[in-house]
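Coordinates as given in upload33.cif (mmCIF, C-alpha atoms):
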data_work
#
loop_
_atom_site.label_atom_id
_atom_site.label_comp_id
_atom_site.auth_asym_id
_atom_site.auth_seq_id
_atom_site.Cartn_x
_atom_site.Cartn_y
_atom_site.Cartn_z
CA MET A 1 -25.76 -12.18 9.60
CA ASP A 2 -23.32 -14.56 11.25
CA ARG A 3 -19.63 -14.03 10.83
CA GLU A 4 -19.06 -16.91 8.42
CA ALA A 5 -21.81 -15.76 6.11
CA GLY A 6 -20.30 -12.27 6.24
CA ASP A 7 -16.87 -13.64 5.33
CA ARG A 8 -18.31 -15.62 2.43
CA ARG A 9 -20.13 -12.56 1.16
CA GLN A 10 -16.97 -10.48 1.42
CA GLU A 11 -15.00 -13.16 -0.47
CA ALA A 12 -17.64 -13.29 -3.21
CA ASN A 13 -17.46 -9.51 -3.47
CA ILE A 14 -13.65 -9.51 -3.78
CA GLU A 15 -13.76 -12.36 -6.29
CA ALA A 16 -16.24 -10.40 -8.42
CA ARG A 17 -14.05 -7.29 -8.33
CA LEU A 18 -10.91 -9.26 -9.20
CA ALA A 19 -12.71 -10.85 -12.17
CA SER A 20 -12.10 -7.59 -14.06
CA LEU A 21 -8.34 -8.12 -13.80
CA SER A 22 -6.73 -8.84 -17.17
CA ASN A 23 -3.02 -8.84 -16.27
CA PRO A 24 -1.08 -10.73 -13.60
CA VAL A 25 -0.33 -9.04 -10.29
CA ARG A 26 2.23 -10.21 -7.75
CA LEU A 27 1.71 -9.68 -4.04
CA ILE A 28 5.21 -9.68 -2.64
CA PHE A 29 4.81 -10.44 1.02
CA PHE A 30 7.54 -9.45 3.47
CA THR A 31 7.69 -11.37 6.69
CA GLN A 32 10.05 -12.26 9.50
CA THR A 33 10.15 -15.29 11.73
CA PHE A 34 10.63 -13.61 15.09
CA GLY A 35 9.19 -10.47 16.61
CA CYS A 36 6.31 -10.15 14.22
CA ASP A 37 3.01 -10.97 15.90
CA SER A 38 0.88 -9.85 12.99
CA CYS A 39 2.85 -11.53 10.18
CA LEU A 40 0.74 -14.69 10.33
CA MET A 41 -2.51 -12.76 10.06
CA ALA A 42 -1.16 -10.62 7.23
CA ARG A 43 -0.06 -13.72 5.35
CA GLN A 44 -3.56 -15.18 5.68
CA VAL A 45 -5.11 -12.03 4.22
CA VAL A 46 -2.65 -11.93 1.32
CA ASN A 47 -3.19 -15.63 0.56
CA GLN A 48 -6.95 -15.16 0.79
CA VAL A 49 -6.88 -12.41 -1.85
CA ALA A 50 -4.59 -14.44 -4.12
CA ALA A 51 -6.88 -17.47 -3.83
CA LEU A 52 -9.73 -15.44 -5.31
CA SER A 53 -8.06 -14.76 -8.66
CA GLY A 54 -5.92 -16.92 -10.93
CA LEU A 55 -4.03 -13.77 -11.94
CA VAL A 56 -2.88 -12.86 -8.42
CA SER A 57 0.16 -14.66 -7.02
CA VAL A 58 2.08 -14.45 -3.76
CA GLU A 59 5.84 -14.38 -3.33
CA GLU A 60 7.23 -14.47 0.15
CA VAL A 61 10.36 -12.59 1.14
CA ASN A 62 11.96 -13.00 4.54
CA LEU A 63 12.97 -9.53 5.66
CA VAL A 64 15.88 -10.81 7.73
CA LEU A 65 17.19 -13.65 5.56
CA ASP A 66 16.67 -11.91 2.23
CA LYS A 67 17.65 -8.33 2.96
CA ASP A 68 18.78 -7.64 -0.61
CA ARG A 69 15.44 -8.59 -2.07
CA ALA A 70 13.60 -6.51 0.54
CA GLY A 71 15.93 -3.64 -0.29
CA GLU A 72 15.00 -3.87 -3.98
CA PHE A 73 11.47 -3.02 -2.98
CA GLY A 74 12.51 -0.46 -0.37
CA VAL A 75 10.79 -2.44 2.37
CA ASP A 76 12.27 -2.40 5.88
CA ARG A 77 9.41 -3.65 8.01
CA ALA A 78 7.12 -6.62 8.35
CA PRO A 79 4.43 -7.47 7.68
CA ALA A 80 4.45 -5.60 4.37
CA VAL A 81 3.08 -6.15 0.90
CA ALA A 82 4.33 -4.74 -2.40
CA VAL A 83 1.63 -4.80 -5.06
CA VAL A 84 3.38 -5.23 -8.40
CA GLY A 85 1.80 -5.50 -11.84
CA GLY A 86 3.51 -5.21 -15.23
CA LYS A 87 5.83 -2.71 -13.62
CA ASP A 88 6.39 -1.66 -10.03
CA LEU A 89 4.34 1.47 -9.43
CA GLY A 90 5.67 1.72 -5.87
CA ILE A 91 2.53 0.60 -4.06
CA ARG A 92 3.23 -0.75 -0.56
CA TYR A 93 1.14 -1.69 2.44
CA TYR A 94 2.59 -2.02 5.95
CA GLY A 95 0.56 -4.03 8.45
CA VAL A 96 -2.41 -6.38 8.22
CA PRO A 97 -4.74 -5.22 5.45
CA SER A 98 -7.90 -6.25 7.27
CA GLY A 99 -11.37 -4.72 7.49
CA HIS A 100 -11.69 -1.59 5.41
CA GLU A 101 -8.07 -1.89 4.32
CA LEU A 102 -8.80 -5.17 2.58
CA ALA A 103 -10.85 -3.19 0.06
CA SER A 104 -7.87 -0.83 -0.34
CA LEU A 105 -5.60 -3.79 -1.07
CA VAL A 106 -8.02 -5.04 -3.72
CA ASP A 107 -8.12 -1.49 -5.17
CA ALA A 108 -4.31 -1.56 -5.31
CA VAL A 109 -4.33 -4.95 -7.08
CA LEU A 110 -6.77 -3.66 -9.71
CA LEU A 111 -4.73 -0.49 -10.16
CA ALA A 112 -1.44 -2.37 -10.49
CA GLY A 113 -3.03 -4.81 -12.95
CA SER A 114 -4.56 -2.21 -15.21
CA GLY A 115 -1.90 0.49 -14.83
CA GLU A 116 -4.78 2.95 -14.85
CA LEU A 117 -4.06 5.44 -12.10
CA GLY A 118 -7.35 7.30 -12.16
CA LEU A 119 -5.61 10.68 -12.15
CA THR A 120 -6.27 13.58 -14.48
CA ALA A 121 -3.96 14.22 -17.43
CA ALA A 122 -2.93 17.52 -15.82
CA THR A 123 -1.79 15.77 -12.62
CA LEU A 124 0.05 13.07 -14.55
CA ASP A 125 1.90 15.73 -16.58
CA ARG A 126 3.03 17.56 -13.45
CA LEU A 127 4.18 14.33 -11.79
CA ALA A 128 5.98 13.13 -14.91
CA ALA A 129 8.00 16.35 -14.88
CA LEU A 130 9.39 15.67 -11.38
CA ASP A 131 13.06 14.77 -11.29
CA GLN A 132 13.25 13.84 -7.60
CA ALA A 133 12.13 10.82 -5.65
CA VAL A 134 8.84 11.21 -3.83
CA ASP A 135 7.93 9.09 -0.83
CA ILE A 136 4.33 9.18 0.32
CA LYS A 137 3.22 7.65 3.60
CA VAL A 138 -0.48 7.36 4.34
CA PHE A 139 -1.32 6.42 7.91
CA VAL A 140 -4.54 4.45 8.15
CA THR A 141 -6.49 2.24 10.54
CA PRO A 142 -8.46 -0.83 9.48
CA THR A 143 -11.89 0.39 10.59
CA MET B 1 7.72 7.38 -6.40
CA THR B 2 6.59 5.08 -3.64
CA ALA B 3 3.28 5.23 -1.80
CA THR B 4 2.96 3.23 1.39
CA ALA B 5 -0.19 2.73 3.39
CA ILE B 6 0.81 2.18 7.02
CA GLU B 7 -1.46 0.56 9.54
CA ALA B 8 -0.99 3.12 12.30
CA THR B 9 -1.61 0.92 15.33
CA GLU B 10 0.89 -1.73 14.22
CA PHE B 11 3.82 0.64 13.82
CA PRO B 12 3.82 2.87 16.91
CA ASP B 13 7.37 4.05 16.20
CA LEU B 14 6.32 5.52 12.84
CA THR B 15 3.12 6.88 14.34
CA ARG B 16 5.23 8.67 16.95
CA GLU B 17 7.89 9.85 14.53
CA PHE B 18 5.31 11.45 12.24
CA GLN B 19 3.05 12.59 15.10
CA VAL B 20 -0.04 10.84 13.85
CA SER B 21 -3.02 11.70 16.02
CA GLY B 22 -5.73 10.95 13.48
CA VAL B 23 -6.17 9.05 10.24
CA PRO B 24 -5.90 9.32 7.37
CA LYS B 25 -2.73 11.34 7.60
CA THR B 26 -0.39 11.61 4.63
CA VAL B 27 3.28 12.59 4.85
CA VAL B 28 5.25 13.42 1.72
CA ASN B 29 9.04 13.09 1.85
CA LYS B 30 8.89 13.19 5.65
CA THR B 31 8.17 16.93 5.59
CA VAL B 32 4.81 17.89 4.14
CA GLU B 33 1.63 16.75 5.87
CA ILE B 34 -1.88 16.33 4.55
CA LEU B 35 -4.70 15.65 7.01
CA GLY B 36 -7.84 13.78 6.09
CA ALA B 37 -8.94 12.79 2.60
CA GLN B 38 -8.40 15.62 0.13
CA PRO B 39 -9.17 16.20 -3.54
CA GLU B 40 -6.55 15.21 -6.11
CA HIS B 41 -5.24 18.74 -6.68
CA GLU B 42 -4.46 19.09 -2.96
CA TYR B 43 -2.25 15.98 -3.05
CA LEU B 44 -0.53 17.25 -6.17
CA SER B 45 0.19 20.67 -4.70
CA HIS B 46 1.56 19.12 -1.50
CA ILE B 47 3.81 16.79 -3.49
CA LEU B 48 5.13 19.72 -5.50
CA GLU B 49 5.63 21.64 -2.25
CA ALA B 50 7.57 18.71 -0.76
CA VAL B 51 10.01 18.46 -3.66
CA THR B 52 10.72 22.18 -3.65
CA GLU B 53 11.06 22.33 0.15
CA ALA B 54 13.39 19.41 0.56
CA PRO B 55 15.53 19.02 -2.55
CA SER B 56 17.87 16.67 -0.69
CA GLU B 57 15.14 14.09 -0.12
#

Is it possible to give me this structure as structure tokens?
Amino acid sequence: MDREAGDRRQEANIEARLASLSNPVRLIFFTQTFGCDSCLMARQVVNQVAALSGLVSVEEVNLVLDKDRAGEFGVDRAPAVAVVGGKDLGIRYYGVPSGHELASLVDAVLLAGSGELGLTAATLDRLAALDQAVDIKVFVTPT
Amino acid sequence: MTATAIEATEFPDLTREFQVSGVPKTVVNKTVEILGAQPEHEYLSHILEAVTEAPSE
């Protein structure tokens, strides 16, 4: 399969998955003008995902010029994406969500849109009882 | 609660700081580490461990 056909197939697959979305989701994209080689590529990926669903929109935040807004989302690096549905569940992605990670971004969009976390009631009860902030970092690679 | 996926090769400073030598690697509140993909209860117990270990976080 040539690359273009592969890309088209991947887009059709993402579009089909996003068709199940019933609430709007914002992809808040954090970028900076200088010193960010991968910002352009990340922006393309984010725009590509948004183009495949009428319910997904992109808002761009310049990390340097709009520090306050970046601070609201706790983001201090670029490229980064905050995936925000009806409320902010705290889902962030740092880097270019390409390859395998593109599927993870789509998963995050569906999760943010539905608010369904896919966790057991027992886990949700234990987490709801926490009174401290929890920061989780998951290091990944795109392949 | 925030959960951030970090593309390891793009952020070498973070990869160094958290001594990432393989992926996926999960770090909770900068202290508790989880290697590989684990079942849900493992993540929960590590999160609970992190909040009891580092109350200042």

Report the closest atom pair, with its distance in Å rounded to one decimal, for each residue of chain A that has an atom no farther than 8 Å from chain B; count all atoms listed in the file, sort by chain and then rising residue number, and write it as CSV.
residue,atom,partner,partner_atom,distance
A:Leu89,CA,B:Thr2,CA,7.2
A:Gly90,CA,B:Thr2,CA,4.1
A:Ile91,CA,B:Ala3,CA,5.2
A:Arg92,CA,B:Thr4,CA,4.4
A:Tyr93,CA,B:Ala5,CA,4.7
A:Tyr94,CA,B:Ile6,CA,4.7
A:Gly95,CA,B:Glu7,CA,5.1
A:Val96,CA,B:Glu7,CA,7.1
A:Pro97,CA,B:Glu7,CA,7.8
A:Leu119,CA,B:Glu40,CA,7.6
A:Thr123,CA,B:Leu44,CA,6.7
A:Leu127,CA,B:Leu44,CA,7.9
A:Gln132,CA,B:Val51,CA,6.9
A:Ala133,CA,B:Met1,CA,5.6
A:Val134,CA,B:Met1,CA,4.7
A:Asp135,CA,B:Asn29,CA,4.9
A:Ile136,CA,B:Val28,CA,4.6
A:Lys137,CA,B:Thr4,CA,4.9
A:Val138,CA,B:Thr26,CA,4.3
A:Phe139,CA,B:Ile6,CA,4.8
A:Val140,CA,B:Pro24,CA,5.1
A:Thr141,CA,B:Glu7,CA,5.4
A:Pro142,CA,B:Glu7,CA,7.1

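Put simply, the PyMOL selection byres ((chain A and resi 81) around 9) in this file takes in Leu27, Ile28, Phe29, Phe30, Ala42, Val46, Val75, Ala78, Pro79, Ala80, Ala82, Val83, Ile91, Arg92, Tyr93, Tyr94 and Gly95 of chain A.
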
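Reported to one decimal place, the separation of atom CA of Ser20 of chain A from atom CA of Gln48 of chain A is 17.4 Å.
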
Spatial neighbours of Asn13 of chain A, 12 Å, only C-alpha atoms, chain gap at least 6 places, as a PyMOL selection string: chain A and resi 6-7+19+49+52-53+102-103+106

The PyMOL selection byres ((chain A and resi 58-65) around 8) applied to the shown file, residues as number ranges by chain: A: 26-33, 46-47, 50, 56-57, 66-67, 69-70, 76-78
